[in-house]
Amino acid sequence: MSGILAIYPGSFDPLTHGHLDLIERGSRLFDRLIVAILTNIEKQPLFSLEERVAMLRAATAGMANVSIDTFSGLLVDYVRRKNARAILRGIRAFSDYEYELQMALMNRQLEPSIETVFLTPAEAYGHISSRLVKEIFQHGGSVKDLVPPVVEERLRQKVFPK
Ligand code: PNS
């Protein structure tokens, strides 16, 4: 397949409107986009890998050039295996920049042919993070404007099971 393939890696625990906004932007910019969920995150995730895959699949069902995958090990090794050209990451605020720059430079050192492309989500989503979504929901706050409906429903089932 020709065209530029990009990888959007992350933990997505869970997917937020900010992530989805970035996926939409990435799907318009690149010919194909793979959203790749890291399997071996150090922190204990709230959602299993299967649940995160299912939520991402449901939320991106209408995007023809977007697919969902999982990976373990080094990101650059996965990107190489997929023959992708770029890594997509989101920067919400200056506070993201230091960590993202460090990762981008390290990934470039590991594999100079792969470019990291940074996009900013819509302003309305600049303050959303998966960590805050979980915290707000666990304390009974509304996350309706922060995550897609499929994620809100899964959060309800997971955190407040009947
Ligand atoms: O959504 P996150 O948790 O900010 O995503 C971080 C992620 C998955 C992009 C990063 O932890 C990663 O790439 N992990 C894979 C291991 C790796 O390649 N580490 C070296 C990065 S320089």
# chains A, B, ... in the order shown; residues from 1 in each chain; ligands from 1
>>> closest_atom_pairs(of="chain A", to="ligand 1", cutoff="12 Å", atoms="only C-alpha atoms and all ligand atoms", output="tab-separated table")
residue	atom	partner	partner_atom_place_in_ligand_line	distance
A:Ile7	CA	ligand 1	9 (C)	9.9
A:Tyr8	CA	ligand 1	9 (C)	8.0
A:Pro9	CA	ligand 1	9 (C)	4.9
A:Gly10	CA	ligand 1	1 (O)	3.4
A:Ser11	CA	ligand 1	1 (O)	4.1
A:Phe12	CA	ligand 1	1 (O)	5.9
A:Asp13	CA	ligand 1	1 (O)	8.0
A:Pro14	CA	ligand 1	1 (O)	9.6
A:Leu15	CA	ligand 1	1 (O)	9.6
A:Thr16	CA	ligand 1	1 (O)	11.0
A:Gly18	CA	ligand 1	1 (O)	11.6
A:His19	CA	ligand 1	1 (O)	9.3
A:Val35	CA	ligand 1	8 (C)	10.7
A:Ala36	CA	ligand 1	8 (C)	8.2
A:Ile37	CA	ligand 1	8 (C)	7.0
A:Leu38	CA	ligand 1	8 (C)	5.2
A:Thr39	CA	ligand 1	8 (C)	8.6
A:Asn40	CA	ligand 1	15 (C)	8.2
A:Ile41	CA	ligand 1	11 (O)	7.2
A:Glu42	CA	ligand 1	11 (O)	8.9
A:Lys43	CA	ligand 1	3 (O)	9.2
A:Gln44	CA	ligand 1	3 (O)	11.6
A:Pro45	CA	ligand 1	3 (O)	10.4
A:Thr70	CA	ligand 1	8 (C)	10.2
A:Phe71	CA	ligand 1	15 (C)	8.2
A:Ser72	CA	ligand 1	15 (C)	6.8
A:Gly73	CA	ligand 1	16 (C)	5.4
A:Leu74	CA	ligand 1	18 (O)	3.5
A:Leu75	CA	ligand 1	18 (O)	3.8
A:Val76	CA	ligand 1	18 (O)	6.1
A:Asp77	CA	ligand 1	18 (O)	7.8
A:Tyr78	CA	ligand 1	18 (O)	8.6
A:Val79	CA	ligand 1	18 (O)	9.8
A:Arg80	CA	ligand 1	18 (O)	11.8
A:Ile87	CA	ligand 1	9 (C)	9.0
A:Leu88	CA	ligand 1	9 (C)	9.2
A:Arg89	CA	ligand 1	9 (C)	7.8
A:Gly90	CA	ligand 1	4 (O)	9.2
A:Ile91	CA	ligand 1	4 (O)	10.3
A:Arg92	CA	ligand 1	4 (O)	11.7
A:Asp96	CA	ligand 1	4 (O)	9.3
A:Tyr97	CA	ligand 1	4 (O)	11.6
A:Tyr99	CA	ligand 1	4 (O)	9.0
A:Glu100	CA	ligand 1	4 (O)	8.5
A:Leu101	CA	ligand 1	22 (S)	9.4
A:Gln102	CA	ligand 1	22 (S)	7.0
A:Met103	CA	ligand 1	22 (S)	4.0
A:Ala104	CA	ligand 1	22 (S)	6.5
A:Leu105	CA	ligand 1	22 (S)	7.5
A:Met106	CA	ligand 1	22 (S)	4.8
A:Asn107	CA	ligand 1	22 (S)	5.0
A:Arg108	CA	ligand 1	22 (S)	8.6
A:Gln109	CA	ligand 1	22 (S)	9.1
A:Leu110	CA	ligand 1	22 (S)	8.4
A:Glu111	CA	ligand 1	22 (S)	10.5
A:Thr116	CA	ligand 1	9 (C)	10.9
A:Ser129	CA	ligand 1	1 (O)	9.5
A:Ser130	CA	ligand 1	1 (O)	8.7
A:Arg131	CA	ligand 1	3 (O)	10.2
>>> residues_around(residues="Gly3 in chain A", least_positions_apart="4", cutoff="10 Å", atoms="only C-alpha atoms", output="ChimeraX atom specification")
/A:30-32,84-85
>>> write_last_selection(atoms="N, CA and C atoms", output="tab-separated table (two decimals), in the first residue's frame")
chain	number	residue	atom	x	y	z
A	30	PHE	N	-2.62	12.22	7.15
A	30	PHE	CA	-1.88	11.08	6.62
A	30	PHE	C	-2.80	10.19	5.78
A	31	ASP	N	-2.17	9.37	4.94
A	31	ASP	CA	-2.97	8.46	4.12
A	31	ASP	C	-3.60	7.37	4.98
A	32	ARG	N	-2.80	6.88	5.94
A	32	ARG	CA	-3.34	5.87	6.87
A	32	ARG	C	-2.80	6.17	8.26
A	84	ALA	N	6.01	2.25	8.80
A	84	ALA	CA	5.41	3.57	8.92
A	84	ALA	C	6.50	4.63	8.85
A	85	ARG	N	6.09	5.85	8.48
A	85	ARG	CA	7.06	6.94	8.32
A	85	ARG	C	7.06	7.90	9.49
>>> select_by_dssp(residues="range 62-113 of chain A", states="helix (DSSP H, G or I)", output="mmCIF file with all heavy atoms, in the first residue's frame")
data_model
loop_
_atom_site.group_PDB
_atom_site.id
_atom_site.type_symbol
_atom_site.label_atom_id
_atom_site.label_comp_id
_atom_site.auth_asym_id
_atom_site.auth_seq_id
_atom_site.Cartn_x
_atom_site.Cartn_y
_atom_site.Cartn_z
ATOM 1 N N LEU A 75 8.742 1.461 20.776
ATOM 2 C CA LEU A 75 7.871 2.043 19.757
ATOM 3 C C LEU A 75 8.542 2.055 18.384
ATOM 4 O O LEU A 75 7.913 1.706 17.376
ATOM 5 C CB LEU A 75 7.480 3.472 20.184
ATOM 6 C CG LEU A 75 6.691 4.290 19.184
ATOM 7 C CD1 LEU A 75 5.356 3.632 18.852
ATOM 8 C CD2 LEU A 75 6.469 5.709 19.717
ATOM 9 N N VAL A 76 9.820 2.434 18.335
ATOM 10 C CA VAL A 76 10.481 2.516 17.014
ATOM 11 C C VAL A 76 10.548 1.143 16.330
ATOM 12 O O VAL A 76 10.472 1.059 15.102
ATOM 13 C CB VAL A 76 11.896 3.143 17.084
ATOM 14 C CG1 VAL A 76 11.820 4.632 17.324
ATOM 15 C CG2 VAL A 76 12.777 2.436 18.066
ATOM 16 N N ASP A 77 10.671 0.080 17.122
ATOM 17 C CA ASP A 77 10.685 -1.268 16.521
ATOM 18 C C ASP A 77 9.329 -1.583 15.893
ATOM 19 O O ASP A 77 9.245 -2.150 14.801
ATOM 20 C CB ASP A 77 11.019 -2.330 17.584
ATOM 21 C CG ASP A 77 12.480 -2.291 17.987
ATOM 22 O OD1 ASP A 77 13.293 -1.777 17.187
ATOM 23 O OD2 ASP A 77 12.804 -2.750 19.097
ATOM 24 N N TYR A 78 8.271 -1.204 16.595
ATOM 25 C CA TYR A 78 6.919 -1.414 16.061
ATOM 26 C C TYR A 78 6.715 -0.581 14.778
ATOM 27 O O TYR A 78 6.205 -1.089 13.775
ATOM 28 C CB TYR A 78 5.883 -1.045 17.135
ATOM 29 C CG TYR A 78 4.474 -1.063 16.614
ATOM 30 C CD1 TYR A 78 3.786 -2.266 16.426
ATOM 31 C CD2 TYR A 78 3.816 0.130 16.292
ATOM 32 C CE1 TYR A 78 2.491 -2.281 15.931
ATOM 33 C CE2 TYR A 78 2.525 0.115 15.806
ATOM 34 C CZ TYR A 78 1.872 -1.080 15.622
ATOM 35 O OH TYR A 78 0.597 -1.096 15.114
ATOM 36 N N VAL A 79 7.144 0.677 14.819
ATOM 37 C CA VAL A 79 6.982 1.567 13.661
ATOM 38 C C VAL A 79 7.735 0.990 12.454
ATOM 39 O O VAL A 79 7.227 0.975 11.328
ATOM 40 C CB VAL A 79 7.470 3.005 14.005
ATOM 41 C CG1 VAL A 79 7.428 3.910 12.784
ATOM 42 C CG2 VAL A 79 6.629 3.595 15.130
ATOM 43 N N ARG A 80 8.939 0.473 12.711
ATOM 44 C CA ARG A 80 9.726 -0.162 11.636
ATOM 45 C C ARG A 80 8.987 -1.370 11.066
ATOM 46 O O ARG A 80 8.896 -1.540 9.852
ATOM 47 C CB ARG A 80 11.058 -0.651 12.194
ATOM 48 C CG ARG A 80 12.176 0.341 12.121
ATOM 49 C CD ARG A 80 13.497 -0.400 12.342
ATOM 50 N NE ARG A 80 14.439 0.436 13.049
ATOM 51 C CZ ARG A 80 14.878 0.217 14.285
ATOM 52 N NH1 ARG A 80 14.470 -0.814 14.976
ATOM 53 N NH2 ARG A 80 15.743 1.033 14.837
ATOM 54 N N ARG A 81 8.469 -2.220 11.973
ATOM 55 C CA ARG A 81 7.757 -3.431 11.516
ATOM 56 C C ARG A 81 6.580 -3.081 10.623
ATOM 57 O O ARG A 81 6.249 -3.799 9.693
ATOM 58 C CB ARG A 81 7.235 -4.232 12.723
ATOM 59 C CG ARG A 81 8.250 -5.105 13.417
ATOM 60 C CD ARG A 81 7.585 -6.224 14.208
ATOM 61 N NE ARG A 81 6.663 -5.777 15.229
ATOM 62 C CZ ARG A 81 7.009 -5.323 16.450
ATOM 63 N NH1 ARG A 81 8.283 -5.264 16.772
ATOM 64 N NH2 ARG A 81 6.094 -4.942 17.316
ATOM 65 N N PHE A 94 2.432 23.662 27.289
ATOM 66 C CA PHE A 94 3.886 23.665 27.442
ATOM 67 C C PHE A 94 4.354 22.508 28.323
ATOM 68 O O PHE A 94 5.414 21.948 28.114
ATOM 69 C CB PHE A 94 4.356 24.981 28.062
ATOM 70 C CG PHE A 94 4.492 26.075 27.058
ATOM 71 C CD1 PHE A 94 3.801 27.270 27.225
ATOM 72 C CD2 PHE A 94 5.303 25.919 25.936
ATOM 73 C CE1 PHE A 94 3.915 28.285 26.291
ATOM 74 C CE2 PHE A 94 5.421 26.931 24.997
ATOM 75 C CZ PHE A 94 4.724 28.119 25.174
ATOM 76 N N SER A 95 3.523 22.174 29.307
ATOM 77 C CA SER A 95 3.909 21.121 30.252
ATOM 78 C C SER A 95 4.112 19.769 29.553
ATOM 79 O O SER A 95 4.859 18.933 30.025
ATOM 80 C CB SER A 95 2.871 21.005 31.356
ATOM 81 O OG SER A 95 1.587 20.949 30.788
ATOM 82 N N ASP A 96 3.438 19.545 28.430
ATOM 83 C CA ASP A 96 3.638 18.294 27.680
ATOM 84 C C ASP A 96 4.960 18.300 26.919
ATOM 85 O O ASP A 96 5.502 17.253 26.576
ATOM 86 C CB ASP A 96 2.528 18.104 26.622
ATOM 87 C CG ASP A 96 1.201 17.690 27.230
ATOM 88 O OD1 ASP A 96 1.206 17.129 28.339
ATOM 89 O OD2 ASP A 96 0.167 17.919 26.583
ATOM 90 N N TYR A 97 5.415 19.522 26.611
ATOM 91 C CA TYR A 97 6.466 19.661 25.606
ATOM 92 C C TYR A 97 7.785 18.995 25.983
ATOM 93 O O TYR A 97 8.415 18.327 25.159
ATOM 94 C CB TYR A 97 6.682 21.149 25.292
ATOM 95 C CG TYR A 97 7.696 21.371 24.210
ATOM 96 C CD1 TYR A 97 7.421 21.020 22.887
ATOM 97 C CD2 TYR A 97 8.949 21.907 24.498
ATOM 98 C CE1 TYR A 97 8.353 21.190 21.888
ATOM 99 C CE2 TYR A 97 9.891 22.084 23.507
ATOM 100 C CZ TYR A 97 9.584 21.719 22.210
ATOM 101 O OH TYR A 97 10.528 21.886 21.227
ATOM 102 N N GLU A 98 8.188 19.161 27.245
ATOM 103 C CA GLU A 98 9.495 18.664 27.663
ATOM 104 C C GLU A 98 9.586 17.141 27.485
ATOM 105 O O GLU A 98 10.544 16.618 26.909
ATOM 106 C CB GLU A 98 9.743 19.047 29.112
ATOM 107 C CG GLU A 98 11.200 19.244 29.418
ATOM 108 C CD GLU A 98 11.390 19.866 30.784
ATOM 109 O OE1 GLU A 98 10.796 20.928 31.047
ATOM 110 O OE2 GLU A 98 12.118 19.261 31.580
ATOM 111 N N TYR A 99 8.573 16.449 27.991
ATOM 112 C CA TYR A 99 8.520 14.988 27.895
ATOM 113 C C TYR A 99 8.427 14.538 26.433
ATOM 114 O O TYR A 99 9.121 13.610 26.003
ATOM 115 C CB TYR A 99 7.305 14.512 28.706
ATOM 116 C CG TYR A 99 6.913 13.065 28.569
ATOM 117 C CD1 TYR A 99 7.791 12.050 28.929
ATOM 118 C CD2 TYR A 99 5.640 12.714 28.128
ATOM 119 C CE1 TYR A 99 7.403 10.714 28.826
ATOM 120 C CE2 TYR A 99 5.246 11.384 28.036
ATOM 121 C CZ TYR A 99 6.132 10.392 28.379
ATOM 122 O OH TYR A 99 5.745 9.081 28.277
ATOM 123 N N GLU A 100 7.599 15.232 25.675
ATOM 124 C CA GLU A 100 7.411 14.846 24.271
ATOM 125 C C GLU A 100 8.675 15.089 23.451
ATOM 126 O O GLU A 100 9.022 14.272 22.589
ATOM 127 C CB GLU A 100 6.224 15.615 23.666
ATOM 128 C CG GLU A 100 4.879 15.240 24.260
ATOM 129 C CD GLU A 100 4.507 13.765 24.050
ATOM 130 O OE1 GLU A 100 4.961 13.156 23.067
ATOM 131 O OE2 GLU A 100 3.757 13.227 24.894
ATOM 132 N N LEU A 101 9.358 16.197 23.730
ATOM 133 C CA LEU A 101 10.599 16.501 23.011
ATOM 134 C C LEU A 101 11.649 15.443 23.326
ATOM 135 O O LEU A 101 12.338 14.938 22.430
ATOM 136 C CB LEU A 101 11.112 17.891 23.406
ATOM 137 C CG LEU A 101 12.406 18.325 22.726
ATOM 138 C CD1 LEU A 101 12.192 18.512 21.228
ATOM 139 C CD2 LEU A 101 12.946 19.609 23.339
ATOM 140 N N GLN A 102 11.737 15.080 24.591
ATOM 141 C CA GLN A 102 12.712 14.066 25.006
ATOM 142 C C GLN A 102 12.431 12.740 24.284
ATOM 143 O O GLN A 102 13.351 12.101 23.759
ATOM 144 C CB GLN A 102 12.608 13.885 26.517
ATOM 145 C CG GLN A 102 13.731 13.083 27.109
ATOM 146 C CD GLN A 102 13.553 12.892 28.616
ATOM 147 O OE1 GLN A 102 12.458 13.105 29.154
ATOM 148 N NE2 GLN A 102 14.601 12.497 29.276
ATOM 149 N N MET A 103 11.166 12.337 24.253
ATOM 150 C CA MET A 103 10.828 11.079 23.567
ATOM 151 C C MET A 103 11.116 11.163 22.075
ATOM 152 O O MET A 103 11.646 10.225 21.479
ATOM 153 C CB MET A 103 9.340 10.750 23.773
ATOM 154 C CG MET A 103 9.056 10.040 25.068
ATOM 155 S SD MET A 103 7.609 9.000 24.951
ATOM 156 C CE MET A 103 6.348 10.158 24.506
ATOM 157 N N ALA A 104 10.750 12.302 21.458
ATOM 158 C CA ALA A 104 10.952 12.455 20.013
ATOM 159 C C ALA A 104 12.441 12.379 19.668
ATOM 160 O O ALA A 104 12.839 11.722 18.692
ATOM 161 C CB ALA A 104 10.358 13.780 19.538
ATOM 162 N N LEU A 105 13.273 13.040 20.484
ATOM 163 C CA LEU A 105 14.717 13.038 20.210
ATOM 164 C C LEU A 105 15.313 11.654 20.449
ATOM 165 O O LEU A 105 16.184 11.204 19.700
ATOM 166 C CB LEU A 105 15.422 14.097 21.064
ATOM 167 C CG LEU A 105 15.071 15.550 20.704
ATOM 168 C CD1 LEU A 105 15.751 16.522 21.653
ATOM 169 C CD2 LEU A 105 15.455 15.869 19.266
ATOM 170 N N MET A 106 14.824 10.988 21.486
ATOM 171 C CA MET A 106 15.313 9.635 21.768
ATOM 172 C C MET A 106 14.900 8.679 20.644
ATOM 173 O O MET A 106 15.718 7.876 20.166
ATOM 174 C CB MET A 106 14.751 9.158 23.113
ATOM 175 C CG MET A 106 15.390 7.903 23.614
ATOM 176 S SD MET A 106 17.173 8.071 23.832
ATOM 177 C CE MET A 106 17.243 8.792 25.457
ATOM 178 N N ASN A 107 13.647 8.786 20.216
ATOM 179 C CA ASN A 107 13.195 7.928 19.108
ATOM 180 C C ASN A 107 13.981 8.217 17.831
ATOM 181 O O ASN A 107 14.294 7.314 17.060
ATOM 182 C CB ASN A 107 11.685 8.107 18.875
ATOM 183 C CG ASN A 107 10.862 7.380 19.927
ATOM 184 O OD1 ASN A 107 11.295 6.355 20.468
ATOM 185 N ND2 ASN A 107 9.693 7.895 20.235
ATOM 186 N N ARG A 108 14.333 9.496 17.630
ATOM 187 C CA ARG A 108 15.126 9.848 16.440
ATOM 188 C C ARG A 108 16.530 9.254 16.525
ATOM 189 O O ARG A 108 17.088 8.792 15.530
ATOM 190 C CB ARG A 108 15.207 11.366 16.290
ATOM 191 C CG ARG A 108 16.045 11.764 15.090
ATOM 192 C CD ARG A 108 16.140 13.249 14.956
ATOM 193 N NE ARG A 108 14.918 13.824 14.422
ATOM 194 C CZ ARG A 108 14.614 15.117 14.502
ATOM 195 N NH1 ARG A 108 15.430 15.948 15.107
ATOM 196 N NH2 ARG A 108 13.501 15.564 13.991
ATOM 197 N N GLN A 109 17.085 9.269 17.745
ATOM 198 C CA GLN A 109 18.416 8.668 17.916
ATOM 199 C C GLN A 109 18.356 7.168 17.619
ATOM 200 O O GLN A 109 19.250 6.604 16.988
ATOM 201 C CB GLN A 109 18.915 8.901 19.337
ATOM 202 C CG GLN A 109 20.297 8.338 19.559
ATOM 203 C CD GLN A 109 20.943 8.882 20.820
ATOM 204 O OE1 GLN A 109 20.495 9.872 21.395
ATOM 205 N NE2 GLN A 109 22.006 8.245 21.251
ATOM 206 N N LEU A 110 17.272 6.515 18.075
ATOM 207 C CA LEU A 110 17.125 5.071 17.858
ATOM 208 C C LEU A 110 16.863 4.751 16.390
ATOM 209 O O LEU A 110 17.284 3.718 15.882
ATOM 210 C CB LEU A 110 15.981 4.526 18.719
ATOM 211 C CG LEU A 110 16.197 4.557 20.240
ATOM 212 C CD1 LEU A 110 14.904 4.229 20.966
ATOM 213 C CD2 LEU A 110 17.307 3.601 20.650
#
>>> residues_around(residues="Val150 in chain A", least_positions_apart="4", cutoff="12 Å", atoms="only C-alpha atoms", output="ChimeraX atom specification")
/A:14-17,51-61,143-144,146,154-157
>>> write_last_selection(atoms="C-alpha atoms", output="CSV table (one decimal), in the first residue's frame")
chain,number,residue,atom,x,y,z
A,14,PRO,CA,-9.3,5.6,28.5
A,15,LEU,CA,-9.8,7.3,25.2
A,16,THR,CA,-10.8,11.0,25.5
A,17,HIS,CA,-12.2,13.7,23.2
A,51,GLU,CA,-11.6,-3.0,26.5
A,52,ARG,CA,-9.3,-0.2,25.3
A,53,VAL,CA,-9.2,-1.7,21.8
A,54,ALA,CA,-13.0,-2.1,21.8
A,55,MET,CA,-13.6,1.5,22.8
A,56,LEU,CA,-11.2,2.8,20.2
A,57,ARG,CA,-12.7,0.6,17.5
A,58,ALA,CA,-16.2,1.8,18.3
A,59,ALA,CA,-15.2,5.5,18.4
A,60,THR,CA,-13.3,5.4,15.1
A,61,ALA,CA,-15.7,3.1,13.2
A,143,VAL,CA,-17.3,13.3,32.1
A,144,LYS,CA,-20.0,13.7,29.4
A,146,LEU,CA,-14.7,14.8,28.1
A,154,ARG,CA,-17.8,1.6,29.9
A,155,LEU,CA,-16.6,3.8,32.8
A,156,ARG,CA,-20.1,3.4,34.4
A,157,GLN,CA,-20.0,-0.4,34.0
>>> closest_residue(among="A:Val151, A:Leu22, A:Ile4, A:Ile34", to="Leu119 in chain A", atoms="only C-alpha atoms")
A:Leu22
>>> closest_residue(among="A:Phe160, A:Phe47, A:Phe118, A:Phe137", to="Arg25 in chain A", atoms="only C-alpha atoms")
A:Phe118
>>> closest_residue(among="A:Thr120, A:Ser113, A:Ser2, A:Ser48", to="Asp21 in chain A", atoms="only C-alpha atoms")
A:Thr120
>>> select_by_dssp(residues="chain A", states="strand (DSSP E or B)", output="count of residues only")
29
>>> closest_residue(among="A:Val66, A:Leu5, A:Arg28, A:Val159", to="His139 in chain A", atoms="only C-alpha atoms")
A:Val159
>>> atom_distance(atom1="CA of Lys158 in chain A", atom2="CA of Pro121 in chain A")
27.3 Å
>>> decode(residues="range 26-36 of chain A", atoms="all heavy atoms", output="short mmCIF file (atom, residue, chain, number, x, y, z; two decimals), in the first residue's frame")
data_model
loop_
_atom_site.label_atom_id
_atom_site.label_comp_id
_atom_site.auth_asym_id
_atom_site.auth_seq_id
_atom_site.Cartn_x
_atom_site.Cartn_y
_atom_site.Cartn_z
N GLY A 26 -5.19 13.52 12.45
CA GLY A 26 -4.17 12.64 11.86
C GLY A 26 -4.72 11.91 10.64
O GLY A 26 -4.01 11.72 9.64
N SER A 27 -5.98 11.52 10.70
CA SER A 27 -6.56 10.76 9.57
C SER A 27 -6.73 11.65 8.35
O SER A 27 -6.73 11.17 7.22
CB SER A 27 -7.90 10.13 9.98
OG SER A 27 -8.92 11.09 9.95
N ARG A 28 -6.84 12.97 8.57
CA ARG A 28 -6.94 13.89 7.42
C ARG A 28 -5.56 14.22 6.86
O ARG A 28 -5.40 14.49 5.68
CB ARG A 28 -7.64 15.19 7.84
CG ARG A 28 -9.14 15.00 8.11
CD ARG A 28 -9.87 16.34 8.18
NE ARG A 28 -9.47 17.14 9.32
CZ ARG A 28 -10.10 17.13 10.49
NH1 ARG A 28 -11.16 16.37 10.66
NH2 ARG A 28 -9.69 17.88 11.48
N LEU A 29 -4.55 14.19 7.74
CA LEU A 29 -3.20 14.59 7.33
C LEU A 29 -2.44 13.45 6.63
O LEU A 29 -1.70 13.67 5.68
CB LEU A 29 -2.42 15.02 8.59
CG LEU A 29 -1.07 15.67 8.43
CD1 LEU A 29 -1.20 16.96 7.63
CD2 LEU A 29 -0.48 15.98 9.80
N PHE A 30 -2.62 12.22 7.15
CA PHE A 30 -1.88 11.08 6.62
C PHE A 30 -2.80 10.19 5.78
O PHE A 30 -4.01 10.24 5.90
CB PHE A 30 -1.29 10.26 7.78
CG PHE A 30 -0.33 11.04 8.64
CD1 PHE A 30 -0.69 11.46 9.91
CD2 PHE A 30 0.93 11.37 8.16
CE1 PHE A 30 0.19 12.20 10.70
CE2 PHE A 30 1.82 12.10 8.95
CZ PHE A 30 1.45 12.52 10.21
N ASP A 31 -2.17 9.37 4.94
CA ASP A 31 -2.97 8.46 4.12
C ASP A 31 -3.60 7.37 4.98
O ASP A 31 -4.74 6.97 4.76
CB ASP A 31 -2.10 7.85 3.02
CG ASP A 31 -1.59 8.92 2.10
OD1 ASP A 31 -2.39 9.47 1.34
OD2 ASP A 31 -0.39 9.26 2.18
N ARG A 32 -2.80 6.88 5.94
CA ARG A 32 -3.34 5.87 6.87
C ARG A 32 -2.80 6.17 8.26
O ARG A 32 -1.68 6.66 8.42
CB ARG A 32 -2.89 4.46 6.45
CG ARG A 32 -3.67 3.93 5.26
CD ARG A 32 -3.31 2.48 4.98
NE ARG A 32 -1.90 2.33 4.69
CZ ARG A 32 -1.13 1.35 5.17
NH1 ARG A 32 -1.62 0.43 5.98
NH2 ARG A 32 0.15 1.27 4.86
N LEU A 33 -3.60 5.80 9.24
CA LEU A 33 -3.20 6.04 10.63
C LEU A 33 -3.51 4.79 11.45
O LEU A 33 -4.63 4.26 11.39
CB LEU A 33 -3.97 7.24 11.20
CG LEU A 33 -3.63 7.66 12.63
CD1 LEU A 33 -2.23 8.27 12.70
CD2 LEU A 33 -4.65 8.68 13.15
N ILE A 34 -2.50 4.32 12.17
CA ILE A 34 -2.73 3.21 13.11
C ILE A 34 -2.65 3.78 14.52
O ILE A 34 -1.64 4.40 14.90
CB ILE A 34 -1.68 2.08 12.96
CG1 ILE A 34 -1.75 1.46 11.56
CG2 ILE A 34 -1.91 1.01 14.03
CD1 ILE A 34 -0.68 0.38 11.33
N VAL A 35 -3.71 3.60 15.28
CA VAL A 35 -3.69 3.96 16.70
C VAL A 35 -3.16 2.73 17.42
O VAL A 35 -3.77 1.65 17.37
CB VAL A 35 -5.10 4.34 17.20
CG1 VAL A 35 -5.03 4.76 18.66
CG2 VAL A 35 -5.70 5.44 16.34
N ALA A 36 -2.00 2.85 18.07
CA ALA A 36 -1.32 1.69 18.65
C ALA A 36 -1.29 1.81 20.17
O ALA A 36 -0.70 2.75 20.72
CB ALA A 36 0.10 1.59 18.09
#
